[in-house]
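Below you'll find the structure, written out as structure tokens, and then a few comments.
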Amino acid sequence: MSKTKLHLVMGGRVENPQSLDFNDLENIDFVGVFPNYEEAEEAWRGAAQRTVDDAEMKYVVVHLHRLLEPDDSNTTAQ
């Protein structure tokens, strides 16, 4: 059985789409937490596609497993 590697998908309004400076933290859209990168990426694509015409909306995948276990030797794997 493979080890679960948690990923968070979230998004919100940004002034500059090339940055991660979210404007309104009270209105962050938390899409969910997923057990692997593949499921997180699928959720990210869905959320990003719904807002594709809004240049101020940005969705990201956060590698929670890297934050929870920073010394894990598999940090290069998704």
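Just so we're on the same page: first chain in the structure tokens is A, next is B, and so on; residues restart at 1 for each chain, and ligands are numbered from 1 in the order they show up.
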
Neighbour list for stretch 23-35 of chain A as a list in words, cut-off 8 Å, only C-alpha atoms, skip fewer than 3 positions in-chain: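 These residues fall inside the cut-off: Thr4, Lys5, Leu6, His7, Leu8, Val9, Met10, Gly11, Gly12, Arg13, Val14, Glu15, Glu39, Ala40, Ala43, Trp44 and Ala47 of chain A.
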
Members of chain A assigned strand (DSSP E) by DSSP, as an NGL selection string: :A and (7-13 or 29-34 or 57-62)

Write to file, as a compact mmCIF listing (two decimals), in the first residue's frame, the residues of the selection just made, with all heavy atoms.
```
# COMPACT_ATOMS: atom_id res chain seq x y z
N HIS A 7 -2.78 16.61 -0.13
CA HIS A 7 -2.70 17.82 -0.95
C HIS A 7 -3.96 18.65 -0.74
O HIS A 7 -5.05 18.09 -0.72
CB HIS A 7 -2.57 17.47 -2.43
CG HIS A 7 -1.30 16.78 -2.77
ND1 HIS A 7 -1.09 15.44 -2.53
CD2 HIS A 7 -0.17 17.25 -3.32
CE1 HIS A 7 0.13 15.13 -2.93
NE2 HIS A 7 0.71 16.21 -3.40
N LEU A 8 -3.81 19.95 -0.61
CA LEU A 8 -4.91 20.88 -0.46
C LEU A 8 -5.09 21.65 -1.76
O LEU A 8 -4.10 22.12 -2.35
CB LEU A 8 -4.60 21.87 0.68
CG LEU A 8 -5.46 23.13 0.77
CD1 LEU A 8 -6.88 22.78 1.16
CD2 LEU A 8 -4.85 24.11 1.76
N VAL A 9 -6.32 21.78 -2.22
CA VAL A 9 -6.62 22.61 -3.38
C VAL A 9 -7.44 23.79 -2.88
O VAL A 9 -8.44 23.63 -2.19
CB VAL A 9 -7.41 21.83 -4.45
CG1 VAL A 9 -7.76 22.74 -5.63
CG2 VAL A 9 -6.61 20.63 -4.93
N MET A 10 -6.96 24.99 -3.22
CA MET A 10 -7.62 26.22 -2.78
C MET A 10 -7.44 27.30 -3.82
O MET A 10 -6.57 27.20 -4.69
CB MET A 10 -7.06 26.69 -1.44
CG MET A 10 -5.57 26.97 -1.48
SD MET A 10 -4.93 27.60 0.06
CE MET A 10 -4.69 29.31 -0.38
N GLY A 11 -8.25 28.33 -3.73
CA GLY A 11 -8.14 29.43 -4.68
C GLY A 11 -8.77 30.68 -4.15
O GLY A 11 -9.47 30.68 -3.14
N GLY A 12 -8.53 31.76 -4.86
CA GLY A 12 -9.11 33.04 -4.49
C GLY A 12 -8.64 34.14 -5.41
O GLY A 12 -7.94 33.91 -6.39
N ARG A 13 -9.05 35.34 -5.06
CA ARG A 13 -8.71 36.52 -5.87
C ARG A 13 -7.27 36.97 -5.60
O ARG A 13 -6.85 37.04 -4.45
CB ARG A 13 -9.65 37.66 -5.56
CG ARG A 13 -11.07 37.34 -5.95
CD ARG A 13 -11.83 38.59 -6.36
NE ARG A 13 -13.01 38.20 -7.09
CZ ARG A 13 -13.05 37.89 -8.38
NH1 ARG A 13 -11.96 37.94 -9.09
NH2 ARG A 13 -14.16 37.53 -8.96
N ASP A 29 -11.54 30.00 -1.42
CA ASP A 29 -12.34 28.83 -1.78
C ASP A 29 -11.50 27.59 -1.50
O ASP A 29 -10.54 27.31 -2.21
CB ASP A 29 -12.72 28.90 -3.27
CG ASP A 29 -13.52 27.70 -3.73
OD1 ASP A 29 -14.04 26.96 -2.88
OD2 ASP A 29 -13.62 27.51 -4.96
N PHE A 30 -11.85 26.88 -0.43
CA PHE A 30 -11.17 25.63 -0.10
C PHE A 30 -11.90 24.51 -0.82
O PHE A 30 -12.99 24.10 -0.42
CB PHE A 30 -11.15 25.40 1.42
CG PHE A 30 -10.29 26.38 2.15
CD1 PHE A 30 -10.84 27.47 2.79
CD2 PHE A 30 -8.91 26.22 2.16
CE1 PHE A 30 -10.04 28.39 3.45
CE2 PHE A 30 -8.10 27.13 2.82
CZ PHE A 30 -8.66 28.21 3.46
N VAL A 31 -11.29 24.02 -1.90
CA VAL A 31 -11.91 22.97 -2.70
C VAL A 31 -11.89 21.65 -1.94
O VAL A 31 -12.87 20.92 -1.92
CB VAL A 31 -11.19 22.84 -4.07
CG1 VAL A 31 -11.78 21.71 -4.89
CG2 VAL A 31 -11.26 24.17 -4.82
N GLY A 32 -10.77 21.34 -1.29
CA GLY A 32 -10.69 20.12 -0.50
C GLY A 32 -9.29 19.64 -0.28
O GLY A 32 -8.32 20.19 -0.80
N VAL A 33 -9.19 18.57 0.51
CA VAL A 33 -7.93 17.89 0.79
C VAL A 33 -8.01 16.52 0.13
O VAL A 33 -9.02 15.82 0.26
CB VAL A 33 -7.68 17.77 2.31
CG1 VAL A 33 -6.42 16.96 2.59
CG2 VAL A 33 -7.58 19.15 2.94
N PHE A 34 -6.95 16.14 -0.55
CA PHE A 34 -6.95 14.92 -1.37
C PHE A 34 -5.78 14.02 -0.98
O PHE A 34 -4.73 14.51 -0.57
CB PHE A 34 -6.89 15.30 -2.85
CG PHE A 34 -8.06 16.16 -3.23
CD1 PHE A 34 -7.99 17.54 -3.12
CD2 PHE A 34 -9.24 15.60 -3.65
CE1 PHE A 34 -9.07 18.35 -3.43
CE2 PHE A 34 -10.34 16.39 -3.97
CZ PHE A 34 -10.25 17.77 -3.86
N MET A 57 -8.87 35.30 -10.51
CA MET A 57 -9.04 34.08 -9.71
C MET A 57 -7.89 33.12 -10.00
O MET A 57 -7.50 32.93 -11.15
CB MET A 57 -10.36 33.39 -10.05
CG MET A 57 -11.57 34.07 -9.46
SD MET A 57 -11.59 34.11 -7.66
CE MET A 57 -11.89 32.40 -7.27
N LYS A 58 -7.35 32.56 -8.93
CA LYS A 58 -6.23 31.63 -9.07
C LYS A 58 -6.43 30.47 -8.11
O LYS A 58 -6.78 30.67 -6.94
CB LYS A 58 -4.92 32.34 -8.74
CG LYS A 58 -3.71 31.45 -8.90
CD LYS A 58 -2.44 32.24 -8.75
CE LYS A 58 -1.26 31.40 -9.17
NZ LYS A 58 -0.10 32.22 -9.43
N TYR A 59 -6.22 29.26 -8.61
CA TYR A 59 -6.29 28.05 -7.79
C TYR A 59 -4.92 27.41 -7.75
O TYR A 59 -4.16 27.47 -8.72
CB TYR A 59 -7.33 27.08 -8.35
CG TYR A 59 -8.73 27.50 -8.00
CD1 TYR A 59 -9.41 28.42 -8.78
CD2 TYR A 59 -9.35 27.02 -6.85
CE1 TYR A 59 -10.69 28.83 -8.43
CE2 TYR A 59 -10.62 27.43 -6.50
CZ TYR A 59 -11.28 28.34 -7.29
OH TYR A 59 -12.53 28.75 -6.93
N VAL A 60 -4.59 26.80 -6.61
CA VAL A 60 -3.28 26.19 -6.42
C VAL A 60 -3.43 24.83 -5.72
O VAL A 60 -4.44 24.58 -5.05
CB VAL A 60 -2.34 27.08 -5.58
CG1 VAL A 60 -2.02 28.37 -6.31
CG2 VAL A 60 -2.93 27.38 -4.22
N VAL A 61 -2.42 24.01 -5.88
CA VAL A 61 -2.30 22.75 -5.15
C VAL A 61 -1.19 22.94 -4.12
O VAL A 61 -0.07 23.29 -4.47
CB VAL A 61 -1.96 21.57 -6.08
CG1 VAL A 61 -1.75 20.30 -5.28
CG2 VAL A 61 -3.04 21.37 -7.13
N VAL A 62 -1.52 22.73 -2.85
CA VAL A 62 -0.54 22.86 -1.76
C VAL A 62 -0.16 21.45 -1.32
O VAL A 62 -1.03 20.64 -0.98
CB VAL A 62 -1.13 23.65 -0.57
CG1 VAL A 62 -0.11 23.76 0.55
CG2 VAL A 62 -1.61 25.02 -1.03
```

Gap from atom CA of A:Pro17 to atom CA of A:Leu68 - Å, one decimal: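 Atom-to-atom, atom CA of A:Pro17 and atom CA of A:Leu68 are spaced 27.2 Å apart.
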
Helix (DSSP H, G or I) residues, from DSSP on the backbone, in chain A, as a ChimeraX atom specification: /A:25-27,37-50,64-68

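Across the structure, atom CA of A:Leu20 and atom CA of A:Lys3 are spaced 28.6 Å apart.
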